[in-house]
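What follows is the content of my_file07.txt, which has compact mmCIF, C-alpha atoms and all ligand atoms:
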# COMPACT_ATOMS: atom_id res chain seq x y z
CA MET G 1 -22.97 39.03 -15.36
CA ASN G 2 -24.49 37.08 -12.54
CA LYS G 3 -21.95 35.30 -10.32
CA LYS G 4 -22.02 33.31 -7.15
CA ILE G 5 -19.19 33.82 -4.67
CA ALA G 6 -18.67 31.55 -1.66
CA VAL G 7 -17.30 33.62 1.21
CA ILE G 8 -15.21 32.17 4.02
CA LYS G 9 -14.53 34.96 6.49
CA GLY G 10 -12.69 32.69 8.92
CA ASP G 11 -11.02 33.66 12.18
CA GLY G 12 -9.12 36.58 13.71
CA ILE G 13 -9.03 39.57 11.38
CA GLY G 14 -10.68 37.44 8.63
CA PRO G 15 -14.23 38.82 9.09
CA GLU G 16 -13.01 42.46 9.10
CA ILE G 17 -10.86 42.26 5.98
CA VAL G 18 -13.38 40.19 4.00
CA THR G 19 -16.16 42.66 4.83
CA GLU G 20 -14.05 45.39 3.19
CA ALA G 21 -13.33 43.24 0.13
CA MET G 22 -17.09 42.59 -0.25
CA LYS G 23 -17.67 46.34 -0.05
CA ILE G 24 -15.30 46.74 -3.00
CA LEU G 25 -16.91 43.88 -4.96
CA ASP G 26 -20.37 45.41 -4.40
CA LYS G 27 -19.20 48.80 -5.61
CA THR G 28 -17.59 47.19 -8.65
CA ALA G 29 -20.77 45.23 -9.42
CA GLU G 30 -22.80 48.43 -9.22
CA LYS G 31 -20.43 50.36 -11.51
CA PHE G 32 -20.12 47.63 -14.11
CA ASN G 33 -23.64 46.22 -13.97
CA HIS G 34 -23.00 42.82 -12.46
CA THR G 35 -24.78 40.90 -9.72
CA PHE G 36 -22.66 39.12 -7.15
CA GLU G 37 -24.49 36.74 -4.87
CA TYR G 38 -22.65 35.64 -1.71
CA GLU G 39 -22.91 32.50 0.32
CA GLN G 40 -21.16 32.55 3.69
CA LEU G 41 -19.39 29.34 4.69
CA LEU G 42 -17.54 28.34 7.83
CA MET G 43 -13.99 27.02 7.81
CA GLY G 44 -11.16 26.98 10.35
CA GLY G 45 -11.55 27.72 14.05
CA CYS G 46 -15.08 29.09 13.70
CA SER G 47 -16.12 25.79 12.07
CA ILE G 48 -14.51 23.83 14.92
CA ASP G 49 -16.59 25.87 17.37
CA ALA G 50 -19.81 25.41 15.37
CA ASN G 51 -19.40 21.89 13.91
CA GLY G 52 -16.57 20.24 15.83
CA VAL G 53 -14.41 20.00 12.68
CA PRO G 54 -12.48 22.67 10.74
CA LEU G 55 -14.16 21.81 7.43
CA THR G 56 -17.37 19.90 6.71
CA ASP G 57 -18.14 17.98 3.52
CA GLU G 58 -21.08 20.29 3.03
CA THR G 59 -18.78 23.32 2.98
CA ILE G 60 -16.63 21.62 0.33
CA GLU G 61 -19.71 20.90 -1.82
CA ARG G 62 -21.02 24.44 -1.47
CA ALA G 63 -17.64 25.94 -2.29
CA LYS G 64 -17.48 23.72 -5.40
CA ALA G 65 -20.93 24.90 -6.47
CA ALA G 66 -19.87 28.57 -6.43
CA ASP G 67 -18.07 30.39 -9.27
CA ALA G 68 -15.22 31.34 -6.94
CA VAL G 69 -14.32 31.47 -3.25
CA LEU G 70 -13.26 34.60 -1.38
CA MET G 71 -11.50 33.88 1.89
CA GLY G 72 -10.12 35.83 4.84
CA SER G 73 -7.81 33.94 7.14
CA ILE G 74 -8.07 31.10 9.59
CA GLY G 75 -6.45 29.99 12.83
CA GLY G 76 -5.72 31.48 16.22
CA ASN G 77 -2.88 31.97 18.63
CA THR G 78 -1.06 28.61 18.54
CA ALA G 79 0.19 29.04 22.12
CA THR G 80 -3.09 29.97 23.79
CA SER G 81 -6.07 28.95 21.64
CA PRO G 82 -7.89 25.72 22.63
CA TRP G 83 -8.00 24.82 18.91
CA TYR G 84 -4.31 23.87 19.22
CA LYS G 85 -4.99 21.32 21.95
CA LEU G 86 -6.74 19.22 19.26
CA PRO G 87 -4.92 16.55 17.21
CA SER G 88 -3.21 18.15 14.21
CA ASP G 89 -5.77 16.85 11.69
CA LYS G 90 -8.59 18.59 13.62
CA ARG G 91 -6.96 22.03 13.82
CA PRO G 92 -7.99 25.09 11.79
CA GLU G 93 -5.11 24.77 9.27
CA ALA G 94 -6.11 21.17 8.47
CA GLY G 95 -9.38 22.59 7.12
CA LEU G 96 -7.54 24.92 4.76
CA LEU G 97 -5.24 22.16 3.49
CA LYS G 98 -8.19 19.81 2.94
CA LEU G 99 -10.09 22.53 1.08
CA ARG G 100 -7.09 23.25 -1.19
CA LYS G 101 -6.73 19.53 -1.92
CA SER G 102 -10.46 18.84 -2.41
CA LEU G 103 -10.75 21.70 -4.90
CA ASN G 104 -7.48 20.64 -6.60
CA LEU G 105 -6.05 24.16 -6.18
CA PHE G 106 -2.50 23.28 -7.19
CA ALA G 107 -1.38 26.69 -8.51
CA ASN G 108 -0.92 29.44 -5.96
CA LEU G 109 -0.13 32.87 -7.41
CA ARG G 110 1.29 35.44 -5.00
CA PRO G 111 2.17 38.73 -6.66
CA ALA G 112 4.71 40.79 -4.70
CA VAL G 113 4.88 44.35 -5.98
CA LEU G 114 6.54 47.35 -4.41
CA TYR G 115 4.16 50.28 -4.90
CA SER G 116 6.18 53.44 -5.44
CA GLN G 117 4.02 55.09 -2.74
CA LEU G 118 5.15 52.49 -0.20
CA LYS G 119 8.91 52.84 -0.65
CA ASP G 120 9.13 54.29 2.85
CA ALA G 121 7.53 51.16 4.30
CA CYS G 122 10.03 48.89 2.49
CA PRO G 123 12.72 47.77 4.95
CA LEU G 124 15.41 47.48 2.25
CA LYS G 125 18.15 50.03 1.55
CA GLU G 126 16.97 53.06 -0.40
CA GLU G 127 18.98 52.24 -3.52
CA ILE G 128 17.34 48.80 -3.66
CA ALA G 129 13.81 50.10 -2.97
CA ASP G 130 14.30 52.81 -5.61
CA ARG G 131 14.70 50.15 -8.29
CA GLY G 132 11.29 48.71 -7.31
CA PHE G 133 10.18 45.15 -8.05
CA ASP G 134 7.22 43.28 -9.46
CA MET G 135 7.33 39.49 -9.15
CA MET G 136 4.84 36.66 -9.26
CA ILE G 137 5.54 33.83 -6.87
CA MET G 138 4.06 30.59 -8.23
CA ARG G 139 3.80 28.19 -5.34
CA GLU G 140 2.80 24.55 -5.84
CA LEU G 141 -0.03 24.13 -3.34
CA THR G 142 -1.25 20.53 -3.16
CA GLY G 143 1.92 18.46 -2.87
CA GLY G 144 5.22 18.20 -1.05
CA LEU G 145 5.70 18.17 2.71
CA TYR G 146 2.22 19.54 3.36
CA PHE G 147 0.54 16.43 1.99
CA GLY G 148 3.10 13.62 2.42
CA ALA G 149 2.67 10.92 5.04
CA ARG G 150 3.59 12.00 8.55
CA LYS G 151 3.81 10.28 11.88
CA THR G 152 5.17 10.58 15.37
CA GLU G 153 6.23 7.32 16.96
CA GLU G 154 8.67 5.83 19.39
CA VAL G 155 11.69 4.22 17.73
CA ASN G 156 13.79 2.23 20.21
CA GLY G 157 12.40 4.30 23.08
CA VAL G 158 13.09 7.64 21.34
CA VAL G 159 10.17 9.79 20.19
CA THR G 160 10.66 10.37 16.46
CA ALA G 161 8.64 12.47 14.02
CA THR G 162 8.62 12.03 10.25
CA ASP G 163 7.25 14.15 7.39
CA THR G 164 7.68 13.08 3.77
CA LEU G 165 8.37 15.28 0.75
CA THR G 166 7.02 13.65 -2.41
CA TYR G 167 6.45 15.05 -5.90
CA ASN G 168 5.62 13.17 -9.05
CA GLU G 169 6.46 14.42 -12.53
CA ASN G 170 2.84 15.29 -13.36
CA GLU G 171 2.48 17.52 -10.31
CA ILE G 172 5.68 19.35 -11.25
CA ARG G 173 4.78 19.64 -14.92
CA ARG G 174 1.35 21.21 -14.45
CA ILE G 175 2.63 23.97 -12.15
CA ALA G 176 5.67 24.58 -14.37
CA VAL G 177 3.40 24.96 -17.41
CA ARG G 178 1.33 27.52 -15.49
CA ALA G 179 4.46 29.45 -14.54
CA PHE G 180 5.75 29.60 -18.12
CA ASP G 181 2.28 30.58 -19.42
CA ILE G 182 2.15 33.44 -16.95
CA ALA G 183 5.73 34.48 -17.74
CA MET G 184 4.70 34.81 -21.42
CA LYS G 185 2.26 37.53 -20.35
CA ARG G 186 4.85 39.27 -18.18
CA ARG G 187 8.59 39.91 -18.61
CA LYS G 188 9.27 36.37 -19.90
CA LYS G 189 11.58 35.16 -17.17
CA VAL G 190 11.17 32.17 -14.83
CA THR G 191 13.35 31.49 -11.80
CA SER G 192 12.73 27.93 -10.64
CA VAL G 193 13.68 27.52 -6.99
CA ASP G 194 14.74 24.21 -5.48
CA LYS G 195 17.28 22.48 -3.24
CA ALA G 196 18.71 20.22 -5.94
CA ASN G 197 22.10 20.03 -4.21
CA VAL G 198 20.42 17.93 -1.49
CA LEU G 199 16.91 16.69 -2.36
CA ASP G 200 15.81 14.06 -4.87
CA SER G 201 12.43 15.76 -5.23
CA SER G 202 14.30 18.92 -6.28
CA ARG G 203 16.39 17.04 -8.83
CA LEU G 204 13.21 15.74 -10.44
CA TRP G 205 11.77 19.27 -10.21
CA ARG G 206 14.73 20.62 -12.20
CA LYS G 207 14.51 17.92 -14.86
CA ILE G 208 10.79 18.49 -15.47
CA VAL G 209 11.13 22.29 -15.46
CA GLU G 210 13.81 21.94 -18.14
CA GLU G 211 11.48 19.79 -20.25
CA VAL G 212 8.69 22.35 -19.94
CA ALA G 213 11.08 25.24 -20.65
CA ALA G 214 11.96 23.65 -24.00
CA ASP G 215 8.40 24.41 -25.14
CA TYR G 216 8.81 28.12 -24.35
CA PRO G 217 11.84 29.32 -26.31
CA GLU G 218 10.91 32.96 -25.71
CA VAL G 219 11.07 32.61 -21.93
CA SER G 220 14.47 32.77 -20.28
CA TYR G 221 14.77 30.58 -17.23
CA GLU G 222 17.23 29.80 -14.50
CA HIS G 223 17.46 27.47 -11.52
CA MET G 224 18.21 28.92 -8.12
CA LEU G 225 18.80 27.19 -4.81
CA VAL G 226 16.27 28.17 -2.20
CA ASP G 227 18.80 29.49 0.32
CA ASN G 228 20.34 31.70 -2.35
CA CYS G 229 16.86 32.84 -3.38
CA ALA G 230 16.09 33.92 0.20
CA MET G 231 19.24 36.04 0.05
CA GLN G 232 18.62 37.43 -3.45
CA LEU G 233 15.13 38.57 -2.43
CA VAL G 234 16.60 41.12 -0.04
CA LYS G 235 19.71 41.88 -2.11
CA ASP G 236 18.23 42.40 -5.55
CA PRO G 237 14.47 41.72 -5.76
CA ALA G 238 14.21 43.54 -9.11
CA GLN G 239 15.86 40.54 -10.84
CA PHE G 240 12.74 38.37 -10.37
CA ASP G 241 9.76 38.05 -12.71
CA VAL G 242 8.09 34.64 -12.13
CA VAL G 243 9.42 32.62 -9.20
CA LEU G 244 8.36 28.97 -9.50
CA THR G 245 8.70 26.74 -6.48
CA GLU G 246 7.32 23.87 -4.41
CA ASN G 247 4.86 24.17 -1.55
CA MET G 248 7.02 24.67 1.54
CA PHE G 249 9.67 26.84 -0.13
CA GLY G 250 6.85 28.96 -1.59
CA ASP G 251 5.25 29.38 1.82
CA ILE G 252 8.47 30.73 3.29
CA LEU G 253 9.65 32.82 0.32
CA SER G 254 6.24 34.46 -0.11
CA ASP G 255 6.25 35.73 3.47
CA GLU G 256 9.72 37.14 2.87
CA ALA G 257 8.62 38.71 -0.42
CA SER G 258 5.58 40.26 1.25
CA MET G 259 7.69 41.92 3.92
CA ILE G 260 9.82 43.72 1.38
CA THR G 261 6.64 45.16 -0.17
CA GLY G 262 6.15 46.92 3.17
CA SER G 263 3.77 44.56 4.92
CA ILE G 264 2.24 41.11 4.69
CA GLY G 265 -1.03 43.05 4.64
CA MET G 266 -0.30 43.94 1.00
CA LEU G 267 0.15 40.45 -0.48
CA ALA G 268 -2.81 39.00 -2.37
CA SER G 269 -3.11 35.44 -3.59
CA ALA G 270 -5.05 33.27 -6.00
CA SER G 271 -5.21 29.49 -5.79
CA LEU G 272 -6.31 27.94 -9.07
CA ASN G 273 -7.13 24.52 -10.46
CA ASP G 274 -7.28 23.64 -14.14
CA THR G 275 -10.64 25.34 -14.70
CA ARG G 276 -11.55 29.01 -14.12
CA PHE G 277 -12.49 28.25 -10.54
CA GLY G 278 -10.28 29.65 -7.79
CA LEU G 279 -9.94 30.51 -4.14
CA TYR G 280 -8.71 33.99 -3.31
CA GLU G 281 -7.20 34.93 0.01
CA PRO G 282 -4.61 37.29 1.46
CA SER G 283 -1.27 35.57 2.04
CA GLY G 284 -1.11 36.73 5.64
CA GLY G 285 -2.50 35.02 8.69
CA SER G 286 -5.39 35.75 11.03
CA ALA G 287 -3.38 38.13 13.27
CA PRO G 288 -5.31 37.25 16.46
CA ASP G 289 -3.44 40.00 18.37
CA ILE G 290 -5.25 42.76 16.47
CA ALA G 291 -8.51 40.94 15.68
CA GLY G 292 -11.75 42.84 16.30
CA GLN G 293 -9.98 46.21 16.62
CA ASN G 294 -10.65 47.54 13.11
CA LYS G 295 -6.89 48.01 12.64
CA ALA G 296 -6.02 45.37 10.05
CA ASN G 297 -4.91 46.22 6.53
CA PRO G 298 -7.67 45.06 4.13
CA ILE G 299 -5.61 45.75 0.97
CA ALA G 300 -4.29 42.19 0.46
CA THR G 301 -7.87 40.89 0.59
CA ILE G 302 -9.13 43.64 -1.72
CA LEU G 303 -6.33 42.86 -4.19
CA SER G 304 -7.26 39.16 -3.88
CA ALA G 305 -10.82 40.12 -4.86
CA ALA G 306 -9.33 41.90 -7.90
CA MET G 307 -7.55 38.64 -8.80
CA LEU G 308 -10.89 36.84 -8.43
CA LEU G 309 -12.45 39.22 -10.95
CA ARG G 310 -9.55 38.76 -13.35
CA TYR G 311 -8.89 35.01 -13.16
CA SER G 312 -12.28 33.46 -12.36
CA PHE G 313 -14.70 35.95 -13.94
CA ASP G 314 -12.56 37.20 -16.84
CA MET G 315 -13.38 40.78 -15.78
CA ASP G 316 -10.13 42.54 -16.62
CA LYS G 317 -11.38 46.11 -16.62
CA GLU G 318 -13.17 45.59 -13.33
CA ALA G 319 -9.97 44.16 -11.81
CA ASP G 320 -7.97 47.10 -13.21
CA ALA G 321 -10.48 49.49 -11.60
CA VAL G 322 -9.99 47.87 -8.18
CA GLU G 323 -6.19 47.92 -8.47
CA LYS G 324 -6.22 51.58 -9.55
CA ALA G 325 -8.53 52.43 -6.65
CA VAL G 326 -6.02 50.87 -4.22
CA GLU G 327 -3.14 52.79 -5.79
CA LYS G 328 -5.07 56.06 -5.56
CA ALA G 329 -5.79 55.52 -1.86
CA LEU G 330 -2.05 55.01 -1.29
CA LYS G 331 -1.14 57.98 -3.47
CA ASP G 332 -3.57 60.14 -1.49
CA GLY G 333 -1.60 59.23 1.64
CA TYR G 334 -4.00 56.85 3.39
CA ARG G 335 -2.30 54.14 5.45
CA THR G 336 -3.32 51.47 7.92
CA GLY G 337 -0.98 51.07 10.92
CA ASP G 338 1.23 48.37 9.37
CA ILE G 339 2.29 50.60 6.44
CA MET G 340 2.15 53.95 8.27
CA SER G 341 5.01 56.38 7.79
CA ASP G 342 5.64 60.06 8.62
CA GLY G 343 3.28 62.59 7.09
CA MET G 344 0.67 60.01 6.04
CA LYS G 345 -2.95 59.78 7.17
CA LYS G 346 -3.60 56.83 9.44
CA VAL G 347 -6.95 55.10 8.84
CA SER G 348 -8.80 52.06 10.17
CA CYS G 349 -9.61 48.89 8.27
CA SER G 350 -13.16 50.01 7.45
CA GLU G 351 -12.05 53.56 6.55
CA MET G 352 -9.54 52.12 4.09
CA GLY G 353 -12.37 50.06 2.56
CA ASP G 354 -14.58 53.15 2.28
CA ILE G 355 -11.80 55.19 0.65
CA ILE G 356 -10.97 52.49 -1.90
CA ALA G 357 -14.68 51.93 -2.67
CA ALA G 358 -15.14 55.65 -3.26
CA ASN G 359 -12.23 55.55 -5.76
CA ILE G 360 -13.97 52.99 -8.00
C1 LIG U 401 -0.26 30.37 3.81
C2 LIG U 401 -0.39 29.94 5.25
C3 LIG U 401 -0.84 28.50 5.31
C4 LIG U 401 0.21 27.68 4.58
C5 LIG U 401 -1.10 27.95 6.73
C6 LIG U 401 -2.15 28.74 7.45
C7 LIG U 401 -1.43 26.48 6.73
O1 LIG U 401 0.81 30.15 5.92
O2 LIG U 401 -1.27 30.33 3.10
O3 LIG U 401 0.84 30.75 3.41
O4 LIG U 401 1.24 27.34 5.17
O5 LIG U 401 -0.01 27.38 3.40
MG MG U 402 2.30 31.13 4.79

Will you turn the file into structure tokens for me?
Ligand code: IPM
Ligand code: MG
Amino acid sequence: MNKKIAVIKGDGIGPEIVTEAMKILDKTAEKFNHTFEYEQLLMGGCSIDANGVPLTDETIERAKAADAVLMGSIGGNTATSPWYKLPSDKRPEAGLLKLRKSLNLFANLRPAVLYSQLKDACPLKEEIADRGFDMMIMRELTGGLYFGARKTEEVNGVVTATDTLTYNENEIRRIAVRAFDIAMKRRKKVTSVDKANVLDSSRLWRKIVEEVAADYPEVSYEHMLVDNCAMQLVKDPAQFDVVLTENMFGDILSDEASMITGSIGMLASASLNDTRFGLYEPSGGSAPDIAGQNKANPIATILSAAMLLRYSFDMDKEADAVEKAVEKALKDGYRTGDIMSDGMKKVSCSEMGDIIAANI
């Protein structure tokens, strides 16, 4: 097959980790007789430097014209980078949010899996790590606090900031349907996470999830409050199959879930709309402190490329080959610094890419 991939390397470690993911895609294309054509696009801080804005309309149009988008990470050090002296709608992250919204990428899939080889990197007690876990966090990505009206103003001489959390029933329904569809292909369990003891938006969330659940009698589902979920993730992560939640809760819980897999450098993600198109990026940030040092863990980005093959290109055996190649590298003892443990072989970002490519 001939496919066009828009590539947004971004800032910080973005260029290094995406280069390794492209190495893996190229090797996969060679092995399975495909042609992947890349178009590099700017977004985030590098686009601010080049174009004065974090995302241009042209970038949006070019991304739309591709079959899928592969992304690294964007943003810099929020305390020191000049990008953070700009108004909030001109900062790197505003580009990412606008891109997600413009491409209607409402379903964010973040699989958190504890590889048996990485048990030593898991910070949980041994008896918990021994049970392992394999969950899919389904985060709503184009609504909620991220996209509600916000303002900072003076009210009676007191500076006051407001963010609004809005969901309508259609936004909840479409992500819930996705979550139940995915659960049908997994262990058939959905945990819907909300704060229904306080928030109206969560009470509507619960009601709509219950309506959707009625169409999936084979799937067992439960509601869980977000604070309890944060606790359950470290107490008994094996209980989760599909975790369905709104934008902000999903942002926070997915970082927590990534850490119990050993490192945020292991967590892939896919952001999908209602076609086959998607944007694929690691869940972690741009890690400006280690940028340019060839130290970053490229595995989350490589696993995101595997999701791209699976979800946008329908290439299941190719995606399986990439995932197996990652597992073999781990089984053979290769580790980047973030997942290093005693007796393992420490490798750089590009060495990890070479090793995984050789395994395909
Ligand atoms: C993520 C990131 C982004 C988010 C930031 C960079 C805006 O943390 O993808 O999880 O909050 O969605
Ligand atoms: Mg995040």

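The smallest atom-to-atom distance between ligand MG 402 (chain U) and any of G:Phe249, G:Phe106, G:Phe313, G:Phe36, using only C-alpha atoms and all ligand atoms, is found for G:Phe249.
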
Sorted per-residue table, chain G near ligand LIG 401 (chain U), closest atoms and distance, 6 Å, all atoms listed in the file, as CSV:
residue,atom,partner,partner_atom,distance
G:Glu93,CA,U:LIG401,C7,4.8
G:Asp251,CA,U:LIG401,O3,4.9
G:Ser283,CA,U:LIG401,O2,5.3

Could you save the residues just selected, with C-alpha atoms, as a PDB file, keeping the file's coordinate frame?
ATOM      1  CA  GLU G  93      -5.110  24.770   9.270  1.00  0.00           C
ATOM      2  CA  ASP G 251       5.250  29.380   1.820  1.00  0.00           C
ATOM      3  CA  SER G 283      -1.270  35.570   2.040  1.00  0.00           C
TER       4      SER G 283
END

Edge lengths and centre in Å to one decimal, as AutoDock Vina command-line options, is what I'm after for the box along x, y and z that holds all listed atoms of range 333-341 of chain G once 4 Å is added on each side.
--center_x 0.5 --center_y 53.8 --center_z 6.3 --size_x 17.0 --size_y 18.9 --size_z 17.3

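If one restricts the calculation to only C-alpha atoms and all ligand atoms, the set of residues situated within 8 Å of ligand MG 402 (chain U) consists of Asp251, Ile252, Ser254, Asp255, Ser283, Gly284 and Gly285 of chain G.
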
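Interatomic distance, CA of Arg187 in chain G to CA of Ser220 in chain G: 9.4 Å.
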
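Each of G:Asp67, G:Glu61, G:Glu323, G:Glu318 was compared to Met266 in chain G using all atoms listed in the file, and G:Glu323 turns out to be the nearest.
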
Determine the nearest neighbour of Leu272 in chain G from the options G:Gln293, G:Thr301, G:Asn108, G:Asn247, counting only C-alpha atoms. G:Asn108

Calculate how many Å separate CA of Ile339 in chain G from CA of Asn297 in chain G, rounding to one decimal. 8.4 Å

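Excluding Lys119 in chain G itself and any same-chain residue fewer than 4 positions from it, the protein and nucleic acid residues within 10 Å of it, counting only C-alpha atoms, are Leu114, Tyr115, Pro123, Leu124, Lys125, Glu126, Ile128, Ala129, Asp130, Arg131, Gly132, Ile260, Thr261, Gly262, Ile339 and Ser341 of chain G.
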
May I have the protein, DNA and RNA residues with an atom at most 7 Å from (10.3, 32.3, -21.2), counting all atoms listed in the file in the file's coordinates, returned as a list in words? Phe180, Ala183, Met184, Lys188, Lys189, Val190, Tyr216, Pro217, Glu218, Val219, Ser220 and Tyr221 of chain G

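Our summary of the geometry notes that CA of Leu86 in chain G is positioned 27.7 Å from CA of Ala296 in chain G.
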
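Remark: for Ala358 in chain G, the closest of the candidate residues G:Arg203, G:Lys9, G:Ala325, G:Tyr38 is G:Ala325 (distances computed over all atoms listed in the file).
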
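Look at Glu20 in chain G: the protein and nucleic acid residues within 9 Å of it, using all atoms listed in the file and passing over chain neighbours fewer than 5 places away, are Pro15, Leu25, Pro298, Ile299, Thr301, Ile302, Cys349, Ser350, Met352, Gly353, Asp354 and Ala357 of chain G.
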
Please provide the set of residues having any atom within 8 Å of Met248 in chain G, restricted to only C-alpha atoms, with same-chain residues fewer than 6 positions apart removed, written as a PDB file with C-alpha atoms, in the frame of the given file.
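The resulting file, out-v1.pdb, is reproduced below:
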ATOM      1  CA  GLY G 144       5.220  18.200  -1.050  1.00  0.00           C
ATOM      2  CA  LEU G 145       5.700  18.170   2.710  1.00  0.00           C
ATOM      3  CA  TYR G 146       2.220  19.540   3.360  1.00  0.00           C
TER       4      TYR G 146
END

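With only C-alpha atoms as the atoms that count, the residue of G:Ile48, G:Ser271, G:Val155, G:Ile8 with the shortest distance to Glu140 in chain G is G:Ser271.
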
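Taking all atoms listed in the file into account, the polymer residues that have an atom no farther than 6 Å from (8.9, 22.6, -7.9) are Ile172, Trp205, Thr245 and Glu246 of chain G.
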
Exercise: Cys46 in chain G partners within 9 Å, only C-alpha atoms, chain neighbours under 6 positions left out, as JSON, numbers by chain: {"G": [10, 11, 54, 74, 75, 92]}

If you count all atoms listed in the file, which residues fall within 7 Å of Val113 in chain G, apart from same-chain ones fewer than 6 positions away, as a VMD selection string? chain G and resid 133 to 135 261

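Checking G:Ala287, G:Ala121, G:Ala213, G:Ile356 one by one against Thr78 in chain G, counting all atoms listed in the file, you find the shortest gap at G:Ala287.
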